[in-house]
>>> print(open('protein17.txt').read())   # compact mmCIF, C-alpha atoms
# COMPACT_ATOMS: atom_id res chain seq x y z
CA MET A 14 0.00 0.00 0.00
CA SER A 15 1.42 3.39 -0.97
CA LYS A 16 2.21 5.97 1.68
CA ILE A 17 -0.40 8.42 0.33
CA ILE A 18 -3.17 5.81 0.42
CA ARG A 19 -2.23 4.62 3.90
CA GLN A 20 -2.11 8.17 5.25
CA ALA A 21 -5.57 8.94 3.81
CA ILE A 22 -7.15 5.86 5.38
CA ASP A 23 -5.35 6.28 8.71
CA ALA A 24 -6.44 9.93 8.92
CA PHE A 25 -10.03 8.98 8.17
CA LEU A 26 -10.10 6.15 10.71
CA LYS A 27 -8.64 8.46 13.34
CA ARG A 28 -11.68 10.70 12.90
CA TYR A 29 -14.16 7.86 12.39
CA PRO A 30 -12.85 4.70 14.12
CA ILE A 31 -14.08 1.24 13.13
CA ALA A 32 -14.79 -1.12 16.03
CA THR A 33 -13.05 -4.45 16.39
CA GLY A 34 -15.16 -7.16 14.79
CA GLU A 35 -17.14 -4.72 12.64
CA VAL A 36 -17.86 -5.52 8.99
CA VAL A 37 -17.86 -2.54 6.64
CA GLY A 38 -19.18 -2.43 3.11
CA VAL A 39 -17.17 -1.14 0.15
CA ALA A 40 -18.70 -0.16 -3.19
CA VAL A 41 -16.47 -1.52 -5.97
CA SER A 42 -17.21 -0.74 -9.61
CA GLY A 43 -13.99 -2.18 -11.01
CA GLY A 44 -12.36 1.19 -11.61
CA ALA A 45 -8.92 1.94 -10.20
CA ASP A 46 -10.28 4.11 -7.38
CA SER A 47 -12.76 1.59 -5.94
CA LEU A 48 -10.46 -1.43 -6.37
CA CYS A 49 -7.71 0.47 -4.56
CA LEU A 50 -10.08 1.40 -1.73
CA ALA A 51 -11.32 -2.17 -1.20
CA LEU A 52 -7.82 -3.67 -1.19
CA ALA A 53 -6.28 -0.97 1.00
CA LEU A 54 -9.15 -0.99 3.49
CA ALA A 55 -8.97 -4.78 3.74
CA ASP A 56 -5.21 -4.55 4.46
CA VAL A 57 -5.83 -2.04 7.25
CA GLY A 58 -8.73 -4.10 8.58
CA ARG A 59 -6.61 -7.22 8.97
CA ASN A 60 -4.28 -5.27 11.25
CA ASN A 61 -7.06 -3.53 13.16
CA GLY A 62 -9.66 -6.22 13.74
CA PHE A 63 -12.36 -5.30 11.23
CA SER A 64 -13.31 -6.88 7.90
CA VAL A 65 -14.51 -5.75 4.50
CA HIS A 66 -17.44 -6.95 2.38
CA ALA A 67 -17.39 -5.61 -1.19
CA VAL A 68 -20.44 -5.00 -3.35
CA THR A 69 -20.70 -4.28 -7.08
CA VAL A 70 -23.78 -2.93 -8.85
CA ASP A 71 -24.29 -4.13 -12.41
CA HIS A 72 -26.46 -1.40 -13.92
CA GLN A 73 -26.87 -3.38 -17.17
CA LEU A 74 -26.45 -0.14 -19.11
CA ARG A 75 -23.49 -1.54 -21.09
CA ALA A 76 -22.99 -4.96 -22.69
CA GLU A 77 -19.70 -5.50 -20.83
CA SER A 78 -20.99 -4.61 -17.34
CA ALA A 79 -21.72 -8.22 -16.28
CA ASP A 80 -18.21 -9.37 -17.19
CA GLU A 81 -16.72 -6.41 -15.34
CA ALA A 82 -18.67 -7.32 -12.20
CA LEU A 83 -17.35 -10.89 -12.44
CA TYR A 84 -13.81 -9.55 -12.83
CA VAL A 85 -14.22 -7.57 -9.61
CA GLY A 86 -15.36 -10.76 -7.93
CA ARG A 87 -12.19 -12.57 -9.00
CA VAL A 88 -9.94 -9.77 -7.70
CA MET A 89 -11.82 -9.73 -4.41
CA GLN A 90 -11.61 -13.51 -4.07
CA GLN A 91 -7.84 -13.42 -4.63
CA ALA A 92 -7.58 -10.79 -1.90
CA GLY A 93 -9.74 -12.78 0.53
CA ILE A 94 -12.58 -10.23 0.46
CA LEU A 95 -16.24 -11.25 0.44
CA HIS A 96 -18.04 -9.93 -2.64
CA ASP A 97 -21.65 -9.65 -3.83
CA ILE A 98 -23.08 -8.48 -7.16
CA LEU A 99 -26.35 -6.53 -7.28
CA VAL A 100 -28.18 -6.24 -10.61
CA TRP A 101 -30.37 -3.33 -11.67
CA LYS A 102 -33.23 -5.18 -13.35
CA GLY A 103 -36.11 -3.79 -15.36
CA ASP A 104 -36.47 -0.87 -17.76
CA LYS A 105 -33.68 1.68 -17.96
CA PRO A 106 -34.09 5.47 -18.29
CA HIS A 107 -33.60 7.34 -21.57
CA SER A 108 -32.82 10.69 -19.94
CA ARG A 109 -30.93 11.82 -16.84
CA ILE A 110 -29.19 8.44 -17.07
CA GLU A 111 -26.21 9.38 -14.88
CA GLU A 112 -28.42 10.80 -12.13
CA GLN A 113 -30.94 7.96 -12.14
CA ALA A 114 -28.21 5.31 -12.25
CA ARG A 115 -26.62 6.88 -9.19
CA GLU A 116 -29.95 6.92 -7.34
CA LYS A 117 -30.62 3.27 -8.18
CA ARG A 118 -27.08 2.26 -7.25
CA TYR A 119 -27.41 3.75 -3.79
CA GLU A 120 -30.90 2.34 -3.38
CA LEU A 121 -29.59 -1.17 -4.08
CA MET A 122 -26.47 -0.78 -1.94
CA ILE A 123 -28.33 0.73 1.03
CA SER A 124 -30.84 -2.13 0.94
CA TRP A 125 -27.94 -4.61 0.75
CA CYS A 126 -26.27 -2.99 3.79
CA GLN A 127 -29.48 -3.15 5.79
CA LYS A 128 -29.98 -6.84 4.98
CA LYS A 129 -26.36 -7.64 5.85
CA GLY A 130 -26.40 -5.66 9.09
CA ILE A 131 -23.70 -3.33 7.75
CA SER A 132 -23.85 0.21 9.12
CA ARG A 133 -21.03 1.78 7.08
CA LEU A 134 -20.51 1.81 3.32
CA PHE A 135 -17.22 3.10 1.91
CA THR A 136 -17.07 4.70 -1.53
CA ALA A 137 -13.99 5.74 -3.50
CA HIS A 138 -14.85 9.32 -4.40
CA HIS A 139 -11.52 11.09 -4.87
CA ALA A 140 -10.10 14.57 -5.49
CA GLY A 141 -11.15 14.50 -9.15
CA ASP A 142 -14.75 13.84 -8.14
CA GLN A 143 -14.57 16.75 -5.71
CA VAL A 144 -13.34 19.04 -8.48
CA GLU A 145 -15.98 17.94 -10.99
CA THR A 146 -18.68 18.45 -8.35
CA PHE A 147 -17.31 21.92 -7.59
CA TRP A 148 -17.38 23.05 -11.24
CA ALA A 149 -20.82 21.55 -11.90
CA ARG A 150 -22.29 23.30 -8.87
CA LEU A 151 -20.52 26.56 -9.65
CA ALA A 152 -22.09 26.48 -13.12
CA ARG A 153 -25.50 26.19 -11.44
CA GLY A 154 -24.86 29.18 -9.18
CA SER A 155 -24.49 27.22 -5.94
CA GLY A 156 -23.71 29.01 -2.69
CA VAL A 157 -21.37 28.05 0.13
CA ASP A 158 -23.09 24.73 0.83
CA GLY A 159 -22.91 23.48 -2.74
CA LEU A 160 -19.35 24.65 -3.39
CA SER A 161 -18.04 23.03 -0.22
CA ALA A 162 -18.68 19.87 -2.25
CA MET A 163 -18.77 16.38 -0.81
CA SER A 164 -18.35 15.57 2.87
CA GLU A 165 -16.23 12.73 4.20
CA VAL A 166 -19.27 11.21 5.91
CA ARG A 167 -22.99 11.49 5.28
CA GLN A 168 -26.04 9.54 6.37
CA GLN A 169 -28.53 7.85 4.06
CA SER A 170 -31.40 5.75 5.40
CA GLY A 171 -29.49 4.92 8.56
CA ILE A 172 -26.29 3.94 6.71
CA GLN A 173 -23.12 5.99 7.06
CA ILE A 174 -21.54 6.69 3.67
CA CYS A 175 -17.75 7.06 4.12
CA ARG A 176 -15.38 8.72 1.62
CA PRO A 177 -11.75 8.65 2.80
CA PHE A 178 -10.13 9.50 -0.57
CA LEU A 179 -11.53 13.00 -1.19
CA SER A 180 -8.06 14.54 -1.10
CA VAL A 181 -6.34 11.75 -3.06
CA SER A 182 -5.78 12.09 -6.81
CA LYS A 183 -6.93 9.52 -9.35
CA GLN A 184 -3.33 9.14 -10.49
CA ASP A 185 -2.21 8.18 -6.98
CA LEU A 186 -4.91 5.50 -6.85
CA LYS A 187 -3.87 4.08 -10.22
CA GLN A 188 -0.22 4.07 -9.18
CA ALA A 189 -1.07 2.11 -6.03
CA LEU A 190 -2.70 -0.63 -8.14
CA LEU A 191 0.20 -0.70 -10.60
CA GLN A 192 2.53 -1.35 -7.68
CA ARG A 193 0.43 -4.44 -6.87
CA ASP A 194 0.28 -5.50 -10.54
CA ILE A 195 -3.52 -5.26 -10.57
CA SER A 196 -5.41 -4.01 -13.63
CA TRP A 197 -8.69 -2.18 -13.52
CA VAL A 198 -11.76 -1.55 -15.66
CA GLU A 199 -12.02 1.58 -17.80
CA ASP A 200 -15.71 2.42 -18.09
CA SER A 201 -16.47 3.59 -21.65
CA MET A 202 -19.06 5.99 -20.22
CA ASN A 203 -16.15 7.93 -18.67
CA ALA A 204 -15.31 9.19 -22.17
CA ASP A 205 -18.90 9.97 -23.18
CA THR A 206 -19.20 13.76 -23.43
CA SER A 207 -22.98 13.58 -23.12
CA TYR A 208 -22.30 13.36 -19.38
CA GLU A 209 -21.56 16.63 -17.60
CA ARG A 210 -18.82 15.21 -15.38
CA VAL A 211 -16.92 13.98 -18.43
CA ARG A 212 -17.04 17.44 -20.00
CA TRP A 213 -15.65 19.05 -16.84
CA ARG A 214 -12.97 16.35 -16.60
CA GLN A 215 -11.85 17.09 -20.15
CA ARG A 216 -11.67 20.82 -19.44
CA GLN A 217 -9.64 20.46 -16.24
CA PRO A 218 -6.20 20.61 -17.96
CA THR A 219 -7.12 24.01 -19.46
CA LEU A 220 -8.37 25.24 -16.08
CA SER A 221 -5.16 23.99 -14.45
CA ASP A 222 -3.11 25.99 -16.95
CA MET A 223 -4.98 29.08 -15.71
CA GLY A 224 -4.09 28.31 -12.08
CA LEU A 225 -7.29 26.45 -11.21
CA SER A 226 -5.62 23.10 -10.58
CA GLU A 227 -7.25 20.13 -8.90
CA ALA A 228 -5.30 20.83 -5.70
CA VAL A 229 -6.42 24.49 -5.66
CA VAL A 230 -10.09 23.57 -6.10
CA VAL A 231 -9.93 20.88 -3.41
CA ARG A 232 -8.34 23.37 -1.02
CA THR A 233 -11.00 25.98 -1.84
CA ALA A 234 -13.79 23.44 -1.24
CA LYS A 235 -12.30 22.62 2.17
CA ARG A 236 -12.23 26.31 3.10
CA LEU A 237 -15.81 26.75 1.98
CA LYS A 238 -16.74 23.76 4.08
CA ARG A 239 -15.27 25.51 7.14
CA ALA A 240 -17.39 28.55 6.29
CA ARG A 241 -20.47 26.34 5.93
CA VAL A 242 -19.86 24.73 9.33
CA ALA A 243 -19.53 28.18 10.93
CA LEU A 244 -22.72 29.46 9.30
CA ASP A 245 -24.62 26.34 10.37
CA PHE A 246 -23.29 26.75 13.91
CA TYR A 247 -24.79 30.23 14.27
CA ALA A 248 -28.00 29.31 12.45
CA ASP A 249 -28.47 26.34 14.78
CA ARG A 250 -27.84 28.52 17.84
CA PHE A 251 -30.45 31.06 16.75
CA TYR A 252 -32.93 28.31 15.85
CA ALA A 253 -32.56 26.62 19.23
CA ALA A 254 -32.71 29.84 21.26
CA LEU A 255 -35.21 32.07 19.48
CA VAL A 256 -37.40 29.87 17.28
CA ASP A 257 -40.49 28.26 18.84
CA VAL A 258 -41.51 24.97 17.24
CA LEU A 259 -45.10 24.52 18.36
CA PRO A 260 -46.33 20.93 18.83
CA GLU A 261 -49.48 21.94 16.96
CA GLY A 262 -47.31 21.86 13.83
CA PHE A 263 -45.96 25.33 13.07
CA VAL A 264 -42.98 27.57 13.78
CA VAL A 265 -42.98 31.06 15.31
CA ILE A 266 -39.95 33.36 14.91
CA HIS A 267 -39.67 36.77 16.58
CA ARG A 268 -39.59 39.04 13.55
CA ALA A 269 -37.33 41.84 14.83
CA SER A 270 -34.69 39.40 16.07
CA PHE A 271 -34.89 37.40 12.86
CA GLU A 272 -34.58 40.35 10.51
CA ALA A 273 -31.62 41.70 12.49
CA LEU A 274 -29.63 38.63 11.41
CA PRO A 275 -27.34 38.64 8.35
CA ASP A 276 -29.17 37.50 5.23
CA GLU A 277 -27.24 34.22 5.03
CA ILE A 278 -28.27 33.23 8.57
CA GLN A 279 -31.89 34.21 7.84
CA ILE A 280 -31.83 31.91 4.80
CA ARG A 281 -30.56 29.01 6.90
CA VAL A 282 -33.13 29.60 9.65
CA ILE A 283 -35.99 29.64 7.15
CA GLN A 284 -34.53 26.56 5.48
CA ARG A 285 -34.60 24.70 8.79
CA ALA A 286 -38.17 25.74 9.51
CA LEU A 287 -39.35 24.67 6.05
CA LEU A 288 -37.63 21.31 6.40
CA GLN A 289 -39.09 20.71 9.85
CA ILE A 290 -42.65 21.66 8.90
CA GLY A 291 -42.80 20.78 5.20
CA GLY A 292 -40.17 18.07 4.93
CA ASP A 293 -39.02 19.27 1.47
CA LYS A 294 -35.23 18.94 1.13
CA GLN A 295 -35.15 20.14 -2.50
CA ILE A 296 -35.84 23.86 -2.04
CA SER A 297 -33.47 25.84 -4.27
CA LEU A 298 -31.15 28.53 -2.96
CA ASP A 299 -32.74 30.99 -5.42
CA ALA A 300 -36.16 30.38 -3.88
CA LEU A 301 -34.83 30.74 -0.32
CA GLU A 302 -33.07 33.98 -1.23
CA ARG A 303 -36.24 35.43 -2.77
CA CYS A 304 -38.21 34.45 0.31
CA VAL A 305 -35.82 36.18 2.72
CA LEU A 306 -34.93 39.24 0.68
CA SER A 307 -38.48 40.07 -0.44
CA GLN A 308 -39.82 40.25 3.13
CA SER A 309 -43.31 39.92 1.69
CA SER A 310 -46.11 39.52 4.19
CA LYS A 311 -47.26 36.18 2.78
CA GLU A 312 -45.71 33.61 0.47
CA THR A 313 -45.55 29.88 -0.10
CA LEU A 314 -42.46 27.70 -0.41
CA GLY A 315 -41.71 24.01 0.04
CA GLY A 316 -45.32 23.10 0.80
CA CYS A 317 -45.39 25.72 3.57
CA LEU A 318 -46.86 29.15 4.15
CA ILE A 319 -44.55 31.88 5.45
CA LEU A 320 -46.60 34.61 7.10
CA ARG A 321 -45.15 37.83 8.52
CA SER A 322 -47.17 39.65 11.15
CA LYS A 323 -46.07 42.79 12.95
CA GLU A 324 -44.39 40.80 15.73
CA ASN A 325 -43.67 37.36 14.30
CA VAL A 326 -42.83 35.24 11.31
CA PHE A 327 -44.97 32.09 11.12
CA VAL A 328 -44.02 29.01 9.13
CA THR A 329 -46.84 26.52 8.77
CA ARG A 330 -48.12 23.98 6.31
CA GLU A 331 -50.21 25.22 3.43
CA ALA A 332 -53.70 24.22 4.53
CA GLY A 333 -54.67 23.31 0.98
CA ARG A 334 -51.78 20.84 0.76
CA MET A 335 -52.53 19.04 4.00
CA SER A 336 -53.85 15.49 4.02
CA LEU A 337 -57.55 14.85 3.66
CA PRO A 338 -59.62 14.06 6.77
CA THR A 339 -58.71 10.59 8.00
CA LYS A 340 -60.52 8.23 10.35
CA ILE A 341 -58.41 7.09 13.29
CA GLN A 342 -59.03 3.69 14.83
CA PRO A 343 -58.47 3.25 18.59
CA PHE A 344 -54.96 2.46 19.81
CA GLN A 345 -53.39 2.46 16.33
CA ILE A 346 -50.67 5.04 15.70
CA THR A 347 -51.64 6.59 12.37
CA GLU A 348 -49.55 8.85 10.13
CA TRP A 349 -51.44 11.94 9.06
CA ASP A 350 -49.73 14.74 7.14
CA HIS A 351 -46.64 15.63 9.24
CA PHE A 352 -48.10 14.17 12.44
CA TRP A 353 -48.57 10.91 14.26
CA VAL A 354 -52.02 10.42 15.81
CA LEU A 355 -53.01 8.03 18.61
CA SER A 356 -56.55 7.96 19.95
CA ALA A 357 -58.39 6.01 22.64
CA CYS A 358 -61.61 6.07 20.61
CA PRO A 359 -62.65 6.37 16.95
CA VAL A 360 -62.21 9.96 15.68
CA GLN A 361 -61.55 11.80 12.44
CA VAL A 362 -58.47 13.99 12.21
CA GLN A 363 -58.53 17.00 9.88
CA SER A 364 -56.96 20.41 9.35
CA GLY A 365 -58.41 23.59 10.78
CA ILE A 366 -59.44 24.58 14.30
CA PRO A 367 -62.62 26.51 15.16
CA MET A 368 -62.40 30.27 14.65
CA GLY A 369 -62.94 31.16 18.29
CA ASP A 370 -60.41 28.74 19.71
CA SER A 371 -57.23 30.69 19.03
CA ASN A 372 -55.69 34.13 18.56
CA LEU A 373 -53.47 32.76 15.81
CA PRO A 374 -53.66 34.23 12.29
CA TYR A 375 -56.40 32.68 10.21
CA ALA A 376 -53.97 31.00 7.77
CA VAL A 377 -52.16 29.32 10.68
CA ARG A 378 -55.41 28.16 12.30
CA CYS A 379 -56.38 26.51 9.03
CA ALA A 380 -53.27 24.30 9.14
CA VAL A 381 -53.51 23.16 12.77
CA PRO A 382 -54.89 19.62 13.14
CA SER A 383 -58.14 19.02 14.96
CA VAL A 384 -60.45 16.08 15.53
CA SER A 385 -64.15 15.79 14.82
CA ALA A 386 -65.73 14.28 17.88
CA ASP A 387 -68.00 15.23 20.71
CA ASP A 388 -67.00 16.64 24.09
CA LYS A 389 -65.91 13.19 25.26
CA VAL A 390 -62.52 13.73 23.59
CA LYS A 391 -59.56 15.72 24.88
CA VAL A 392 -56.70 16.43 22.44
CA TYR A 393 -53.09 16.50 23.63
CA PHE A 394 -50.42 17.88 21.30
CA CYS A 395 -47.65 15.68 22.65
CA ARG A 396 -46.34 12.17 22.53
CA PRO A 397 -47.91 9.92 25.20
CA SER A 398 -45.71 8.54 27.94
CA GLU A 399 -45.63 4.84 28.80
CA LYS A 400 -47.79 5.59 31.82
CA GLU A 401 -50.34 7.42 29.68
CA LEU A 402 -50.37 4.55 27.18
CA GLU A 403 -51.16 2.08 29.93
CA LYS A 404 -53.95 4.33 31.15
CA MET A 405 -55.38 4.54 27.63
CA LYS A 406 -55.47 0.77 27.28
CA SER A 407 -57.54 0.49 30.48
CA LEU A 408 -60.30 2.75 29.17
CA ASP A 409 -63.55 1.37 27.90
CA TYR A 410 -66.43 3.16 26.27
CA LYS A 411 -68.42 4.02 29.37
CA LYS A 412 -70.71 6.95 29.76
CA GLY A 413 -68.94 10.03 31.04
CA THR A 414 -65.40 8.88 30.15
CA ILE A 415 -63.11 11.46 28.53
CA TYR A 416 -61.01 9.79 25.85
CA PRO A 417 -57.51 11.15 25.10
CA VAL A 418 -56.24 11.82 21.57
CA TYR A 419 -52.51 12.42 21.16
CA ILE A 420 -51.11 14.28 18.16
CA TRP A 421 -47.38 14.87 17.74
CA MET A 422 -45.14 15.99 14.91
CA LYS A 423 -43.19 13.43 12.90
CA GLU A 424 -40.26 15.77 12.31
CA CYS A 425 -39.68 16.53 15.96
CA GLU A 426 -40.81 13.48 17.90
CA GLU A 427 -37.84 13.53 20.23
CA GLY A 428 -37.99 16.05 23.05
CA LYS A 429 -41.28 17.59 21.97
CA LYS A 430 -43.41 16.15 24.78
>>> encode(input="protein17.txt", output="structure tokens")
Amino acid sequence: MSKIIRQAIDAFLKRYPIATGEVVGVAVSGGADSLCLALALADVGRNNGFSVHAVTVDHQLRAESADEALYVGRVMQQAGILHDILVWKGDKPHSRIEEQAREKRYELMISWCQKKGISRLFTAHHAGDQVETFWARLARGSGVDGLSAMSEVRQQSGIQICRPFLSVSKQDLKQALLQRDISWVEDSMNADTSYERVRWRQRQPTLSDMGLSEAVVVRTAKRLKRARVALDFYADRFYAALVDVLPEGFVVIHRASFEALPDEIQIRVIQRALLQIGGDKQISLDALERCVLSQSSKETLGGCLILRSKENVFVTREAGRMSLPTKIQPFQITEWDHFWVLSACPVQVQSGIPMGDSNLPYAVRCAVPSVSADDKVKVYFCRPSEKELEKMKSLDYKKGTIYPVYIWMKECEEGKK
């Protein structure tokens, strides 16, 4: 194993240790980068008490893909590494092929990890991938978050995706395999200029001649990542201290305090509120900027309504987008819109509370859940405790009994009692 490869893995494992006896997954396509990762990680694992299980996805987008997957299996077998092949079956897309193939690849690998009891999946994204991501996002007008490019670790469906080679060049990875006399697969799609990443890769030598080398871009992305972490730190502090997340399903922000913040922090605060209430992770930076900078009294974004009163900024669901009225059966936790509902008797949950029941703005009242039932029902906007659950189970439908209905938000179950 080359010194550069060993240093990259050692540095990563120092930050994110692997427990003795743990099995980690490694995505191996057959390219130099992923073969190098699997072999190097297995070497380190033998000396540190963990093992590697490799997985290859055959997308069946090219005639040679099945043979390439089998070749990976032979290399893994020679190295004493367990290996599985996952096949993308069914119809294939005719547009956005690169994007949809990536989504399907991760879907298959995440499912494989879950079935195998593997909590960490290593991928061989390297410095070149960082650079291509940077240029692609710059071309789309990304801000600090987008230009800080890929992170070493991210979570997807409970699986930790690990990328220890983000500062290692493709050439270093190839050289490490040459030293071991191991060949690799050259994917023909890597030369297909219909893919955006290929076009950026081909332009990189020209950009390097102008001083925008791979190393410079990687260093810039790291610095932008530091800026992103700092911005998130202050946005999180403001959100925790001065934003009220009401269990009834909306957010209240003190307007004067909010608008005194720098624009970038305002954008991040609104982004957090929209994610918590609406659950939409795909809101564009352009839309967030318009929302904050316009300071309009009422607008919609990400399935939510943003309402500015004299004192507060409210973020709530758009009433018209909320789920239809749903019948709730006793003692069955039911998902409704962005809530969980648990009732001790049959009720119907719906949006909108009676006009006289609140001083909230009308648009906010329309998006607060309520139940249609008689006066025998009492609604609690909180998650029931074990003691309350036991009490519920002991109730029967006797005259004069008041039956509890619990409603709590899906996005903030923990600590919102």
>>> residues_around(input="protein17.txt", residues="region 93-104 of chain A", least_positions_apart="4", cutoff="8 Å", atoms="all atoms listed in the file", output="list in words")
Ala55, Val65, His66, Ala67, Val68, Thr69, Val70, Asp71, His72, Gln73, Ala82, Gly86, Met89, Lys117, Arg118, Leu121 and Met122 of chain A
>>> atom_distance(input="protein17.txt", atom1="CA of Arg239 (chain A)", atom2="CA of Ile296 (chain A)")
22.6 Å
>>> closest_atom_pairs(input="protein17.txt", of="region 265-334 of chain A", to="region 149-154 of chain A", cutoff="12 Å", atoms="only C-alpha atoms", output="Markdown table")
| residue | atom | partner | partner_atom | distance |
| --- | --- | --- | --- | --- |
| A:Ser297 | CA | A:Gly154 | CA | 10.5 |
| A:Leu298 | CA | A:Gly154 | CA | 8.9 |
| A:Asp299 | CA | A:Gly154 | CA | 8.9 |
>>> write_last_selection(input="protein17.txt", atoms="C-alpha atoms", output="mmCIF file, in the frame of the given file")
data_model
loop_
_atom_site.group_PDB
_atom_site.id
_atom_site.type_symbol
_atom_site.label_atom_id
_atom_site.label_comp_id
_atom_site.auth_asym_id
_atom_site.auth_seq_id
_atom_site.Cartn_x
_atom_site.Cartn_y
_atom_site.Cartn_z
ATOM 1 C CA SER A 297 -33.470 25.840 -4.270
ATOM 2 C CA LEU A 298 -31.150 28.530 -2.960
ATOM 3 C CA ASP A 299 -32.740 30.990 -5.420
#
>>> closest_residue(input="protein17.txt", among="A:Tyr84, A:Met422, A:Phe147, A:Val305", to="Leu225 (chain A)", atoms="all atoms listed in the file")
A:Phe147
>>> closest_residue(input="protein17.txt", among="A:His351, A:Arg285, A:Arg241, A:Lys294", to="Arg334 (chain A)", atoms="only C-alpha atoms")
A:His351
>>> atom_distance(input="protein17.txt", atom1="CA of Ser47 (chain A)", atom2="CA of Ala137 (chain A)")
5.0 Å
>>> closest_residue(input="protein17.txt", among="A:Ser322, A:Asn61, A:Ser42, A:Thr329", to="Ala79 (chain A)", atoms="all atoms listed in the file")
A:Ser42
>>> atom_distance(input="protein17.txt", atom1="CA of Pro260 (chain A)", atom2="CA of Glu312 (chain A)")
22.3 Å
>>> residues_around(input="protein17.txt", residues="Pro343 (chain A)", least_positions_apart="5", cutoff="6 Å", atoms="only C-alpha atoms", output="PyMOL selection string")
chain A and resi 356-359
>>> residues_near_point(input="protein17.txt", point="(-13.2, -5.3, -18.0)", cutoff="12 Å", atoms="only C-alpha atoms", output="PyMOL selection string")
chain A and resi 42-45+75-88+196-201
>>> residues_around(input="protein17.txt", residues="Met405 (chain A)", least_positions_apart="5", cutoff="12 Å", atoms="only C-alpha atoms", output="number ranges by chain")
A: 343-345, 355-358, 397-400, 410, 414-419
>>> closest_residue(input="protein17.txt", among="A:Ser170, A:Ser309, A:Asn372, A:Ser383", to="Gly262 (chain A)", atoms="only C-alpha atoms")
A:Ser383
>>> closest_residue(input="protein17.txt", among="A:Arg281, A:Gln289, A:Gln91, A:Gln184", to="Val258 (chain A)", atoms="all atoms listed in the file")
A:Gln289
>>> closest_residue(input="protein17.txt", among="A:Val36, A:Val362, A:Leu373, A:Leu306", to="Ser385 (chain A)", atoms="only C-alpha atoms")
A:Val362
>>> residues_around(input="protein17.txt", residues="Ala269 (chain A)", least_positions_apart="3", cutoff="10 Å", atoms="all atoms listed in the file", output="PDB file with C-alpha atoms, keeping the file's coordinate frame")
ATOM      1  CA  ILE A 266     -39.950  33.360  14.910  1.00  0.00           C
ATOM      2  CA  GLU A 272     -34.580  40.350  10.510  1.00  0.00           C
ATOM      3  CA  ALA A 273     -31.620  41.700  12.490  1.00  0.00           C
ATOM      4  CA  LEU A 274     -29.630  38.630  11.410  1.00  0.00           C
ATOM      5  CA  LYS A 323     -46.070  42.790  12.950  1.00  0.00           C
ATOM      6  CA  GLU A 324     -44.390  40.800  15.730  1.00  0.00           C
ATOM      7  CA  ASN A 325     -43.670  37.360  14.300  1.00  0.00           C
ATOM      8  CA  VAL A 326     -42.830  35.240  11.310  1.00  0.00           C
TER       9      VAL A 326
END
>>> residues_around(input="protein17.txt", residues="region 171-176 of chain A", least_positions_apart="5", cutoff="12 Å", atoms="only C-alpha atoms", output="ChimeraX atom specification")
/A:21-22,24-26,28-31,37-40,46-47,50-51,54,119-120,122-140,142-143,163-166,181
